[in-house]
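Visitor: Contents of start_36.txt (compact mmCIF, C-alpha atoms and all ligand atoms):
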```
# COMPACT_ATOMS: atom_id res chain seq x y z
CA MET O 18 -66.84 -32.08 25.88
CA GLN O 19 -64.69 -34.57 24.08
CA LEU O 20 -62.62 -34.68 20.90
CA ASN O 21 -60.75 -37.49 19.22
CA VAL O 22 -57.53 -36.63 17.39
CA LYS O 23 -56.83 -39.02 14.52
CA THR O 24 -53.06 -38.66 14.16
CA SER O 25 -50.63 -41.59 13.71
CA LYS O 26 -51.35 -42.38 17.37
CA PRO O 27 -54.94 -41.30 18.05
CA TYR O 28 -55.88 -39.76 21.40
CA GLU O 29 -58.77 -38.19 23.26
CA ILE O 30 -59.08 -34.63 24.52
CA PHE O 31 -61.50 -33.91 27.36
CA ILE O 32 -62.59 -30.33 28.11
CA GLU O 33 -64.54 -30.21 31.34
CA ARG O 34 -64.64 -28.03 34.44
CA GLY O 35 -63.03 -29.85 37.37
CA CYS O 36 -61.65 -32.68 35.20
CA LEU O 37 -58.26 -32.44 36.93
CA ASP O 38 -59.79 -34.72 39.58
CA SER O 39 -60.60 -37.34 36.94
CA LEU O 40 -56.94 -37.62 35.87
CA GLY O 41 -56.48 -40.96 37.66
CA ALA O 42 -59.69 -42.45 36.27
CA ARG O 43 -58.90 -41.34 32.70
CA CYS O 44 -55.38 -42.77 33.02
CA ALA O 45 -56.78 -46.04 34.36
CA ALA O 46 -58.40 -46.55 30.95
CA LEU O 47 -54.98 -46.25 29.24
CA PHE O 48 -52.17 -47.47 31.48
CA PRO O 49 -51.57 -50.73 33.40
CA ALA O 50 -52.76 -50.91 37.01
CA GLY O 51 -50.04 -49.94 39.47
CA ALA O 52 -47.92 -48.13 36.84
CA LYS O 53 -45.53 -45.40 37.94
CA ALA O 54 -46.51 -41.85 36.94
CA ALA O 55 -44.06 -38.92 36.92
CA VAL O 56 -45.92 -35.62 37.30
CA ILE O 57 -43.80 -32.86 35.72
CA SER O 58 -44.73 -29.34 36.79
CA ASP O 59 -43.32 -25.88 37.48
CA SER O 60 -42.82 -23.99 40.73
CA ASN O 61 -46.00 -21.89 40.26
CA VAL O 62 -48.41 -24.60 39.13
CA PHE O 63 -47.37 -27.51 41.33
CA PRO O 64 -48.26 -25.77 44.65
CA LEU O 65 -51.71 -24.94 43.19
CA TYR O 66 -52.69 -28.21 41.53
CA GLY O 67 -49.97 -30.81 42.20
CA GLU O 68 -51.56 -32.46 45.21
CA ARG O 69 -54.91 -32.90 43.41
CA ALA O 70 -53.19 -34.55 40.47
CA LEU O 71 -51.19 -36.88 42.73
CA ALA O 72 -54.26 -37.77 44.83
CA SER O 73 -56.31 -38.57 41.74
CA LEU O 74 -53.54 -40.85 40.42
CA ARG O 75 -53.06 -42.53 43.80
CA GLY O 76 -56.81 -43.06 44.05
CA GLU O 77 -56.65 -45.33 40.99
CA GLY O 78 -53.71 -47.33 42.34
CA PHE O 79 -50.92 -45.63 40.32
CA GLN O 80 -47.57 -44.82 41.96
CA PRO O 81 -47.09 -41.11 41.30
CA ASP O 82 -43.97 -39.07 41.98
CA PHE O 83 -43.20 -35.49 40.93
CA PHE O 84 -40.47 -33.37 39.36
CA VAL O 85 -40.80 -29.59 39.76
CA PHE O 86 -38.62 -27.03 37.94
CA PRO O 87 -38.42 -23.21 38.30
CA ALA O 88 -41.31 -21.61 36.35
CA GLY O 89 -40.55 -19.67 33.19
CA GLU O 90 -39.18 -19.89 29.66
CA ALA O 91 -35.60 -19.66 31.03
CA SER O 92 -36.00 -23.24 32.28
CA LYS O 93 -36.89 -24.57 28.80
CA GLN O 94 -33.40 -25.92 28.20
CA LEU O 95 -31.65 -29.20 27.54
CA SER O 96 -30.16 -29.07 31.06
CA THR O 97 -33.65 -29.16 32.65
CA VAL O 98 -34.69 -32.06 30.40
CA ALA O 99 -31.44 -33.84 31.34
CA GLN O 100 -32.42 -33.49 35.01
CA MET O 101 -35.89 -34.85 34.21
CA LEU O 102 -34.42 -37.84 32.40
CA GLY O 103 -32.13 -38.51 35.37
CA PHE O 104 -35.14 -38.34 37.68
CA LEU O 105 -37.08 -40.84 35.55
CA ALA O 106 -34.12 -43.23 35.45
CA GLU O 107 -33.50 -42.98 39.21
CA ARG O 108 -37.17 -43.75 39.86
CA GLY O 109 -36.88 -46.73 37.52
CA LEU O 110 -39.74 -45.83 35.17
CA THR O 111 -40.22 -48.35 32.35
CA ARG O 112 -42.08 -48.22 29.05
CA SER O 113 -45.28 -49.30 30.86
CA ASP O 114 -45.12 -46.16 33.00
CA PHE O 115 -46.06 -42.61 31.99
CA LEU O 116 -45.44 -38.90 32.47
CA VAL O 117 -48.01 -36.20 33.24
CA ALA O 118 -47.29 -32.62 32.09
CA LEU O 119 -49.14 -30.38 34.56
CA GLY O 120 -48.67 -26.73 33.63
CA GLY O 121 -48.30 -24.26 30.80
CA GLY O 122 -46.62 -24.59 27.42
CA VAL O 123 -43.13 -24.65 28.91
CA THR O 124 -44.02 -27.68 31.05
CA GLY O 125 -45.81 -29.46 28.20
CA ASP O 126 -43.01 -28.86 25.70
CA MET O 127 -40.32 -30.13 28.08
CA ALA O 128 -42.23 -33.06 29.58
CA GLY O 129 -43.24 -34.09 26.05
CA PHE O 130 -39.63 -33.92 24.89
CA ALA O 131 -38.46 -35.96 27.92
CA ALA O 132 -41.21 -38.51 27.14
CA ALA O 133 -40.05 -38.68 23.51
CA CYS O 134 -36.42 -39.34 24.59
CA TYR O 135 -36.71 -41.49 27.70
CA LEU O 136 -36.27 -45.16 26.75
CA ARG O 137 -36.73 -43.98 23.12
CA GLY O 138 -40.30 -42.98 23.90
CA VAL O 139 -42.76 -43.41 26.77
CA ARG O 140 -46.36 -42.23 26.85
CA PHE O 141 -47.39 -38.92 28.41
CA VAL O 142 -50.54 -37.05 29.37
CA GLN O 143 -51.04 -33.32 28.88
CA VAL O 144 -52.88 -31.45 31.63
CA PRO O 145 -52.50 -27.86 30.37
CA THR O 146 -53.21 -25.10 32.88
CA SER O 147 -52.45 -21.89 30.92
CA LEU O 148 -54.81 -20.59 28.23
CA LEU O 149 -52.06 -20.84 25.62
CA ALA O 150 -51.37 -24.46 26.52
CA GLN O 151 -55.10 -25.33 26.59
CA VAL O 152 -55.82 -23.95 23.12
CA ASP O 153 -52.53 -24.60 21.42
CA SER O 154 -49.40 -26.27 22.77
CA SER O 155 -50.97 -29.31 24.47
CA VAL O 156 -52.46 -30.56 21.19
CA GLY O 157 -50.48 -31.58 18.13
CA GLY O 158 -47.42 -33.38 19.48
CA LYS O 159 -44.77 -30.70 19.02
CA THR O 160 -42.28 -30.86 21.88
CA ALA O 161 -39.09 -28.83 22.23
CA VAL O 162 -36.52 -26.93 24.23
CA ASP O 163 -34.75 -23.69 23.39
CA LEU O 164 -31.06 -23.52 22.45
CA PRO O 165 -28.82 -20.49 22.99
CA GLN O 166 -29.17 -19.98 19.20
CA GLY O 167 -32.96 -19.73 19.24
CA LYS O 168 -36.35 -20.88 20.52
CA ASN O 169 -37.63 -24.45 20.08
CA LEU O 170 -34.59 -25.52 18.07
CA ALA O 171 -34.30 -29.02 19.59
CA GLY O 172 -37.35 -31.23 19.89
CA ALA O 173 -39.43 -34.08 18.57
CA PHE O 174 -42.91 -34.88 17.33
CA HIS O 175 -44.46 -36.98 20.10
CA GLN O 176 -48.24 -37.07 20.44
CA PRO O 177 -49.72 -37.25 23.94
CA ALA O 178 -51.75 -40.30 25.00
CA LEU O 179 -54.45 -38.06 26.48
CA VAL O 180 -55.20 -34.35 26.97
CA LEU O 181 -57.26 -33.18 29.96
CA ILE O 182 -58.31 -29.53 29.83
CA ASP O 183 -59.80 -28.14 33.03
CA PRO O 184 -61.02 -24.55 32.39
CA ASP O 185 -61.24 -23.95 36.17
CA THR O 186 -57.44 -23.82 36.36
CA LEU O 187 -57.57 -20.56 34.39
CA GLU O 188 -58.98 -18.84 37.48
CA THR O 189 -55.48 -18.66 38.97
CA LEU O 190 -53.69 -17.70 35.74
CA PRO O 191 -52.19 -14.18 36.03
CA PRO O 192 -54.02 -11.67 33.74
CA LEU O 193 -50.91 -11.04 31.61
CA PHE O 194 -50.75 -14.72 30.67
CA PHE O 195 -54.51 -14.84 30.11
CA ALA O 196 -54.22 -11.94 27.64
CA ASP O 197 -51.28 -13.71 26.02
CA GLY O 198 -53.40 -16.83 25.43
CA MET O 199 -56.23 -14.66 24.07
CA GLY O 200 -53.86 -13.70 21.23
CA GLU O 201 -53.94 -17.35 20.12
CA VAL O 202 -57.72 -17.65 20.66
CA ILE O 203 -58.29 -14.63 18.40
CA LYS O 204 -55.88 -16.17 15.87
CA TYR O 205 -58.12 -19.26 15.55
CA GLY O 206 -61.08 -17.03 14.81
CA CYS O 207 -59.04 -15.24 12.15
CA ILE O 208 -57.72 -18.35 10.39
CA ARG O 209 -60.72 -20.65 10.54
CA SER O 210 -63.83 -19.53 12.35
CA ARG O 211 -65.65 -16.30 11.71
CA ALA O 212 -68.28 -17.47 14.22
CA LEU O 213 -65.66 -17.69 16.99
CA PHE O 214 -64.30 -14.28 15.99
CA GLU O 215 -67.78 -12.74 16.19
CA THR O 216 -68.40 -14.41 19.57
CA LEU O 217 -65.19 -12.85 20.89
CA ARG O 218 -66.13 -9.52 19.36
CA GLY O 219 -69.60 -9.47 20.90
CA ALA O 220 -69.13 -11.19 24.29
CA ASP O 221 -69.57 -9.17 27.50
CA ASP O 222 -68.16 -11.91 29.72
CA LEU O 223 -66.06 -14.83 28.47
CA ALA O 224 -66.32 -16.91 31.66
CA PRO O 225 -69.62 -18.69 30.85
CA LEU O 226 -68.46 -19.26 27.25
CA MET O 227 -65.01 -20.54 28.11
CA GLU O 228 -65.65 -24.27 27.66
CA SER O 229 -67.13 -23.78 24.22
CA ILE O 230 -64.41 -21.31 23.20
CA LEU O 231 -61.73 -23.82 24.27
CA TYR O 232 -63.58 -26.51 22.32
CA ASP O 233 -63.72 -24.39 19.15
CA CYS O 234 -60.00 -23.57 19.34
CA VAL O 235 -58.90 -27.12 20.05
CA ASP O 236 -61.18 -28.47 17.33
CA CYS O 237 -59.62 -26.04 14.88
CA LYS O 238 -56.13 -27.17 15.85
CA ARG O 239 -57.23 -30.83 15.71
CA VAL O 240 -58.42 -30.56 12.10
CA ILE O 241 -55.21 -28.84 10.98
CA VAL O 242 -52.94 -31.28 12.84
CA GLU O 243 -54.82 -34.29 11.45
CA HIS O 244 -54.21 -33.02 7.92
CA ASP O 245 -50.56 -32.15 8.51
CA GLU O 246 -49.19 -33.95 11.57
CA PHE O 247 -45.52 -33.33 10.72
CA ASP O 248 -45.81 -29.68 9.71
CA THR O 249 -45.07 -29.88 6.02
CA GLY O 250 -47.95 -27.78 4.66
CA GLU O 251 -51.36 -26.78 6.02
CA ARG O 252 -50.12 -26.50 9.62
CA LEU O 253 -48.40 -23.31 8.55
CA VAL O 254 -51.72 -21.43 8.82
CA LEU O 255 -51.37 -21.79 12.61
CA ASN O 256 -48.52 -19.32 12.21
CA PHE O 257 -50.81 -16.50 11.09
CA GLY O 258 -49.22 -13.30 12.46
CA HIS O 259 -46.08 -15.18 13.51
CA THR O 260 -43.62 -14.06 10.80
CA LEU O 261 -43.80 -10.44 11.91
CA GLY O 262 -44.68 -11.44 15.50
CA HIS O 263 -41.47 -13.43 15.95
CA ALA O 264 -39.50 -10.62 14.34
CA LEU O 265 -41.05 -8.15 16.82
CA GLU O 266 -40.21 -10.41 19.77
CA LYS O 267 -36.65 -10.58 18.49
CA ALA O 268 -36.47 -6.80 17.99
CA HIS O 269 -37.46 -6.49 21.68
CA GLY O 270 -34.79 -8.97 22.73
CA TYR O 271 -37.55 -11.40 23.87
CA THR O 272 -38.40 -9.17 26.82
CA GLY O 273 -41.11 -6.57 27.28
CA LEU O 274 -43.47 -7.91 24.60
CA THR O 275 -45.22 -11.23 25.28
CA HIS O 276 -45.59 -13.80 22.51
CA GLY O 277 -49.36 -13.31 22.27
CA ALA O 278 -48.96 -9.52 22.11
CA ALA O 279 -46.32 -9.81 19.39
CA VAL O 280 -48.45 -12.24 17.36
CA GLY O 281 -51.45 -9.92 17.74
CA ILE O 282 -49.53 -6.98 16.28
CA GLY O 283 -48.20 -9.36 13.60
CA MET O 284 -51.78 -10.34 12.68
CA VAL O 285 -52.84 -6.72 12.25
CA LEU O 286 -49.75 -5.90 10.15
CA ILE O 287 -50.09 -8.93 7.90
CA ALA O 288 -53.82 -8.26 7.42
CA ARG O 289 -52.94 -4.69 6.37
CA LEU O 290 -50.41 -6.12 3.94
CA GLY O 291 -53.06 -8.50 2.53
CA GLU O 292 -55.47 -5.60 2.11
CA HIS O 293 -52.76 -3.55 0.38
CA MET O 294 -52.09 -6.47 -2.00
CA GLY O 295 -55.81 -6.72 -2.76
CA LEU O 296 -55.92 -10.28 -1.38
CA THR O 297 -57.68 -9.57 1.92
CA GLU O 298 -61.17 -8.12 2.34
CA ALA O 299 -60.99 -4.41 3.22
CA GLY O 300 -61.59 -3.68 6.91
CA THR O 301 -60.14 -7.01 8.13
CA ALA O 302 -57.10 -5.47 9.87
CA ASP O 303 -59.29 -2.94 11.70
CA ALA O 304 -61.67 -5.69 12.84
CA ILE O 305 -58.75 -7.75 14.22
CA ALA O 306 -57.34 -4.67 15.95
CA GLU O 307 -60.74 -3.99 17.57
CA VAL O 308 -60.92 -7.51 19.04
CA LEU O 309 -57.29 -7.47 20.21
CA ARG O 310 -57.83 -4.15 22.02
CA LYS O 311 -60.95 -5.55 23.66
CA TYR O 312 -58.84 -8.31 25.23
CA HIS O 313 -56.08 -5.95 26.38
CA LEU O 314 -53.61 -6.74 23.63
CA PRO O 315 -51.60 -4.09 21.76
CA VAL O 316 -52.18 -3.52 18.04
CA SER O 317 -49.05 -1.58 17.13
CA ASP O 318 -45.49 -1.22 18.28
CA ASP O 319 -42.76 1.37 17.94
CA ALA O 320 -39.90 -0.99 16.99
CA SER O 321 -38.58 0.29 13.68
CA LEU O 322 -39.88 -1.47 10.59
CA ASP O 323 -36.31 -1.95 9.32
CA GLU O 324 -35.32 -3.73 12.48
CA VAL O 325 -38.39 -5.97 12.24
CA LEU O 326 -37.83 -6.77 8.57
CA ARG O 327 -34.19 -7.62 9.24
CA ALA O 328 -35.36 -10.10 11.87
CA THR O 329 -37.69 -11.81 9.35
CA ALA O 330 -34.59 -12.70 7.32
CA LEU O 331 -33.83 -15.38 9.92
CA ASP O 332 -37.37 -16.57 10.40
CA LYS O 333 -37.43 -20.36 10.15
CA LYS O 334 -40.66 -20.36 8.15
CA GLY O 335 -38.74 -19.13 5.12
CA LEU O 336 -38.14 -21.36 2.13
CA GLY O 337 -34.97 -20.46 0.25
CA GLY O 338 -35.16 -16.86 -0.90
CA ASP O 339 -38.93 -16.87 -0.51
CA LEU O 340 -41.13 -16.28 2.49
CA ARG O 341 -44.31 -18.23 3.00
CA ILE O 342 -46.74 -15.91 4.72
CA VAL O 343 -50.22 -16.69 5.97
CA LEU O 344 -52.87 -14.28 4.70
CA LEU O 345 -56.62 -14.05 5.18
CA ARG O 346 -59.16 -13.78 2.38
CA ALA O 347 -61.46 -12.52 5.10
CA VAL O 348 -61.85 -13.26 8.80
CA GLY O 349 -62.16 -17.06 9.13
CA GLU O 350 -60.46 -17.91 5.81
CA SER O 351 -56.68 -18.29 5.67
CA PHE O 352 -54.24 -19.33 2.97
CA VAL O 353 -50.49 -19.57 2.43
CA HIS O 354 -48.90 -17.11 0.02
CA ARG O 355 -45.32 -17.37 -1.19
CA LEU O 356 -43.32 -14.32 -2.18
CA PRO O 357 -39.67 -13.21 -2.43
CA ARG O 358 -38.25 -11.72 0.78
CA ALA O 359 -37.28 -8.45 -0.92
CA GLU O 360 -40.81 -8.05 -2.28
CA PHE O 361 -42.24 -8.75 1.18
CA ALA O 362 -40.13 -5.96 2.72
CA ALA O 363 -41.13 -3.47 0.01
CA LEU O 364 -44.83 -4.35 0.30
CA CYS O 365 -44.71 -3.99 4.11
CA ARG O 366 -43.23 -0.52 3.76
CA GLU O 367 -45.87 0.49 1.20
CA ALA O 368 -48.74 -0.94 3.24
CA LEU O 369 -47.67 0.84 6.40
CA ALA O 370 -46.99 4.12 4.59
CA GLU O 371 -50.51 3.92 3.12
CA GLU O 372 -51.90 3.25 6.60
CA ALA O 373 -50.07 6.28 8.05
CA ARG O 374 -51.54 8.65 5.42
N1 LIG O 401 -45.75 -27.23 21.34
C1 LIG O 401 -46.45 -26.33 20.71
O1 LIG O 401 -47.16 -26.61 19.74
C2 LIG O 401 -46.42 -24.92 21.20
C3 LIG O 401 -47.32 -23.98 20.69
C4 LIG O 401 -47.30 -22.69 21.21
C5 LIG O 401 -46.40 -22.35 22.21
N2 LIG O 401 -45.54 -23.30 22.69
C6 LIG O 401 -44.60 -22.97 23.76
O2 LIG O 401 -45.36 -22.68 24.93
C7 LIG O 401 -44.58 -21.84 25.78
C8 LIG O 401 -45.47 -20.75 26.32
O3 LIG O 401 -46.53 -21.33 27.04
P1 LIG O 401 -47.16 -20.61 28.32
O4 LIG O 401 -47.49 -19.23 27.98
O5 LIG O 401 -48.19 -21.51 28.86
O6 LIG O 401 -45.87 -20.52 29.28
P2 LIG O 401 -45.59 -21.08 30.74
O7 LIG O 401 -45.67 -22.55 30.78
O8 LIG O 401 -44.32 -20.46 31.19
O9 LIG O 401 -46.81 -20.52 31.59
C9 LIG O 401 -46.95 -19.12 31.75
C10 LIG O 401 -46.90 -18.74 33.24
O10 LIG O 401 -48.16 -19.06 33.81
C11 LIG O 401 -47.96 -19.88 34.97
N3 LIG O 401 -49.15 -20.73 35.03
C12 LIG O 401 -49.55 -21.66 34.15
N4 LIG O 401 -50.75 -22.13 34.47
C13 LIG O 401 -51.13 -21.47 35.59
C14 LIG O 401 -52.31 -21.48 36.39
N5 LIG O 401 -53.36 -22.23 36.08
N6 LIG O 401 -52.32 -20.70 37.49
C15 LIG O 401 -51.26 -19.89 37.81
N7 LIG O 401 -50.17 -19.80 37.06
C16 LIG O 401 -50.10 -20.58 35.97
C17 LIG O 401 -46.65 -20.57 34.74
O11 LIG O 401 -46.06 -20.99 35.95
C18 LIG O 401 -45.85 -19.47 34.05
O12 LIG O 401 -45.34 -18.58 35.02
C19 LIG O 401 -43.42 -21.35 24.95
O13 LIG O 401 -42.24 -21.99 25.37
C20 LIG O 401 -43.77 -21.75 23.53
O14 LIG O 401 -42.64 -22.01 22.74
C21 LIG O 401 -45.54 -24.56 22.21
```
If you convert what's in this file into structure tokens, what do you get?
Ligand SMILES: NC(=O)c1ccc[n+]([C@@H]2O[C@H](COP(=O)([O-])OP(=O)(O)OC[C@H]3O[C@@H](n4cnc5c(N)ncnc54)[C@H](O)[C@@H]3O)[C@@H](O)[C@H]2O)c1
Guide:
Amino acid sequence: MQLNVKTSKPYEIFIERGCLDSLGARCAALFPAGAKAAVISDSNVFPLYGERALASLRGEGFQPDFFVFPAGEASKQLSTVAQMLGFLAERGLTRSDFLVALGGGVTGDMAGFAAACYLRGVRFVQVPTSLLAQVDSSVGGKTAVDLPQGKNLAGAFHQPALVLIDPDTLETLPPLFFADGMGEVIKYGCIRSRALFETLRGADDLAPLMESILYDCVDCKRVIVEHDEFDTGERLVLNFGHTLGHALEKAHGYTGLTHGAAVGIGMVLIARLGEHMGLTEAGTADAIAEVLRKYHLPVSDDASLDEVLRATALDKKGLGGDLRIVLLRAVGESFVHRLPRAEFAALCREALAEEAR
């Protein structure tokens, strides 16, 4: 399956089982013969898939080398990107050469940021291997690292030259990270595709449906990114469930609750709020909770509401004294709603009190 993303720099996305082995051939259509290729990967993914990526690149006459960093969000720092940039400079990569991000969202975000900075911008290829990276972070050109002050605070918009999504790599993804990515898959159903949501709700086994599920999610992200490449409007709907989700992650000190789990709970809470405000079709929150449970994601949390609401005060999706929240009219139809922070807190309390009765 193939998609074309029409952003300022257009690029192709291929979704195909086993396509990791076509990396070299796909790159041959984009980069000069004999170019250097720096494969950036983490310490879990490189031992699994690194050699195949290098062999495929070598097979087409490229000169690949690799940079591997310790797996995990803790590596997503300026210091790791500084090491990457040093590696690229030592190997003498020029603007005709390219980077390959082989791994999850942490790898893609950092390799993309290094590609945006090195020589003021070189091209890079995304080969996402986690579910979250395949449906979300590899598409759209957002790259970043974390700062001690918060997540993703330093970064750049830098679109990839190519995205290769091989669903077979998900076979080695630990179940916790698979569930985490399912939070984002369910989110796409909620914000844009009732059909996808119903597929997820009804499926007995996702494996045979995976390629088409990945396609639906990526296509959804593609449309939104094409309309709002630099995140000034419509792209906000991708943050459905994130205002309260981020606040929950923060309330847990960023440990113990994965991002997907936190967003899932955030989606249920915000759907309840929408129902309470009379803006969301009744029964939506329960339907989302049913699908989240089915894919082993939590639907509630015992962090105190006050703690969570305090954390929303710092959420970067705010606009002055107002919050912009993403609500659903019904499953598959999202919209942005602006309301004062104080009103948001009061409505959350009312909605949850009503739910508890
Ligand atoms: N740029 C964007 O638009 C965007 C969007 C959403 C999230 N993100 C970022 O993505 C990151 C989270 O992504 P993630 O969950 O992929 O994290 P990750 O890259 O840390 O991957 C999760 C874990 O799975 C392992 N892994 C990945 N693929 C594997 C495979 N096929 N087999 C075995 N193990 C594998 C990794 O080594 C890691 O331990 C966060 O930093 C977040 O900020 C970015």
Visitor: Can you work out which one of O:Ser60, O:Thr111, O:Ser317, O:Gln100 has the shortest atom-to-atom distance to ligand LIG 401 (chain O), counting only C-alpha atoms and all ligand atoms?
Guide: O:Ser60
Visitor: Which is closest to ligand LIG 401 (chain O) among O:Leu95, O:Leu136, O:Leu344, O:Val62, if we use all atoms listed in the file?
Guide: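 Smallest separation from ligand LIG 401 (chain O) among the options: O:Val62.
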Visitor: When the cut-off is 8 Å and you count all atoms listed in the file, which residues lie near ligand LIG 401 (chain O), shown as a ChimeraX atom specification?
Guide: /O:59-62,65,88-90,93,120-126,145-150,153-163,168-169,186-191,194,197-198,276
Visitor: Return as AutoDock Vina command-line options the box centre and box size in Å, one decimal, for an axis-aligned box around all listed atoms of stretch 40-53 of chain O padded by 6 Å per side.
Guide:
```
--center_x -52.6 --center_y -44.3 --center_z 34.4 --size_x 26.2 --size_y 25.3 --size_z 22.2
```
Visitor: For the atom pair atom CA of O:Val280 and atom CA of O:Phe214, what is the interatomic distance in Å to one decimal place?
Guide: 16.0 Å
Visitor: Got a sec: who's within 10 Å of O:Leu37, counting all atoms listed in the file, leaving out chain neighbours fewer than 2 positions off, as a list in words?
Guide: Glu33, Arg34, Gly35, Ser39, Leu40, Gly41, Arg43, Tyr66, Gly67, Arg69, Ala70, Ser73, Leu119, Val144, Pro145, Thr146, Leu181, Ile182, Asp183, Pro184, Asp185 and Thr186 of chain O
Visitor: Please indicate the distance in Å from atom CA of O:Leu356 to atom CA of O:Lys267, rounded to one decimal place.
Guide: 22.0 Å
Visitor: Ranking O:Leu296, O:Leu74, O:Ala268, O:Ala279 by minimum distance to O:Leu322 and counting all atoms listed in the file, which one comes first?
Guide: O:Ala268
Visitor: Just to confirm, what's the straight-line distance from atom CA of O:Arg239 to atom CA of O:Gly277 in Å (one decimal)?
Guide: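 Computed distance, atom CA of O:Arg239 to atom CA of O:Gly277, equals 20.3 Å.
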Visitor: Just want the 12 Å neighbourhood of O:Cys207, counted on only C-alpha atoms, with same-chain residues fewer than 2 positions away dropped. Output as a PDB file with C-alpha atoms, keeping the file's coordinate frame.
Guide:
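Okay, out_13.pdb is ready:
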```
ATOM      1  CA  GLY O 200     -53.860 -13.700  21.230  1.00  0.00           C
ATOM      2  CA  GLU O 201     -53.940 -17.350  20.120  1.00  0.00           C
ATOM      3  CA  VAL O 202     -57.720 -17.650  20.660  1.00  0.00           C
ATOM      4  CA  ILE O 203     -58.290 -14.630  18.400  1.00  0.00           C
ATOM      5  CA  LYS O 204     -55.880 -16.170  15.870  1.00  0.00           C
ATOM      6  CA  TYR O 205     -58.120 -19.260  15.550  1.00  0.00           C
ATOM      7  CA  ARG O 209     -60.720 -20.650  10.540  1.00  0.00           C
ATOM      8  CA  SER O 210     -63.830 -19.530  12.350  1.00  0.00           C
ATOM      9  CA  ARG O 211     -65.650 -16.300  11.710  1.00  0.00           C
ATOM     10  CA  ALA O 212     -68.280 -17.470  14.220  1.00  0.00           C
ATOM     11  CA  LEU O 213     -65.660 -17.690  16.990  1.00  0.00           C
ATOM     12  CA  PHE O 214     -64.300 -14.280  15.990  1.00  0.00           C
ATOM     13  CA  GLU O 215     -67.780 -12.740  16.190  1.00  0.00           C
ATOM     14  CA  THR O 216     -68.400 -14.410  19.570  1.00  0.00           C
ATOM     15  CA  LEU O 217     -65.190 -12.850  20.890  1.00  0.00           C
ATOM     16  CA  ARG O 218     -66.130  -9.520  19.360  1.00  0.00           C
ATOM     17  CA  CYS O 234     -60.000 -23.570  19.340  1.00  0.00           C
ATOM     18  CA  CYS O 237     -59.620 -26.040  14.880  1.00  0.00           C
ATOM     19  CA  VAL O 254     -51.720 -21.430   8.820  1.00  0.00           C
ATOM     20  CA  LEU O 255     -51.370 -21.790  12.610  1.00  0.00           C
ATOM     21  CA  ASN O 256     -48.520 -19.320  12.210  1.00  0.00           C
ATOM     22  CA  PHE O 257     -50.810 -16.500  11.090  1.00  0.00           C
ATOM     23  CA  GLY O 258     -49.220 -13.300  12.460  1.00  0.00           C
ATOM     24  CA  GLY O 281     -51.450  -9.920  17.740  1.00  0.00           C
ATOM     25  CA  MET O 284     -51.780 -10.340  12.680  1.00  0.00           C
ATOM     26  CA  VAL O 285     -52.840  -6.720  12.250  1.00  0.00           C
ATOM     27  CA  ILE O 287     -50.090  -8.930   7.900  1.00  0.00           C
ATOM     28  CA  ALA O 288     -53.820  -8.260   7.420  1.00  0.00           C
ATOM     29  CA  THR O 297     -57.680  -9.570   1.920  1.00  0.00           C
ATOM     30  CA  THR O 301     -60.140  -7.010   8.130  1.00  0.00           C
ATOM     31  CA  ALA O 302     -57.100  -5.470   9.870  1.00  0.00           C
ATOM     32  CA  ALA O 304     -61.670  -5.690  12.840  1.00  0.00           C
ATOM     33  CA  ILE O 305     -58.750  -7.750  14.220  1.00  0.00           C
ATOM     34  CA  ALA O 306     -57.340  -4.670  15.950  1.00  0.00           C
ATOM     35  CA  VAL O 308     -60.920  -7.510  19.040  1.00  0.00           C
ATOM     36  CA  LEU O 309     -57.290  -7.470  20.210  1.00  0.00           C
ATOM     37  CA  VAL O 343     -50.220 -16.690   5.970  1.00  0.00           C
ATOM     38  CA  LEU O 344     -52.870 -14.280   4.700  1.00  0.00           C
ATOM     39  CA  LEU O 345     -56.620 -14.050   5.180  1.00  0.00           C
ATOM     40  CA  ARG O 346     -59.160 -13.780   2.380  1.00  0.00           C
ATOM     41  CA  ALA O 347     -61.460 -12.520   5.100  1.00  0.00           C
ATOM     42  CA  VAL O 348     -61.850 -13.260   8.800  1.00  0.00           C
ATOM     43  CA  GLY O 349     -62.160 -17.060   9.130  1.00  0.00           C
ATOM     44  CA  GLU O 350     -60.460 -17.910   5.810  1.00  0.00           C
ATOM     45  CA  SER O 351     -56.680 -18.290   5.670  1.00  0.00           C
ATOM     46  CA  PHE O 352     -54.240 -19.330   2.970  1.00  0.00           C
TER      47      PHE O 352
END
```
Visitor: O:Pro49, O:Pro87, O:Gly291, O:Gly103: which is nearest O:Phe361, counting only C-alpha atoms?
Guide: O:Gly291
Visitor: Please check which residues have atoms at most 10 Å from (-45.9, -8.1, 24.7) in the file's coordinates, counting all atoms listed in the file, and write them as a VMD selection string.
Guide: chain O and resid 193 196 to 197 262 265 to 266 269 271 to 282 314 to 315 318
Visitor: Skip O:Leu290 itself and residues of its chain fewer than 2 positions away, then list as a list in words all residues within 8 Å of it, counting only C-alpha atoms.
Guide: Leu286, Ile287, Ala288, Glu292, His293, Met294, Leu364, Cys365, Ala368 and Leu369 of chain O
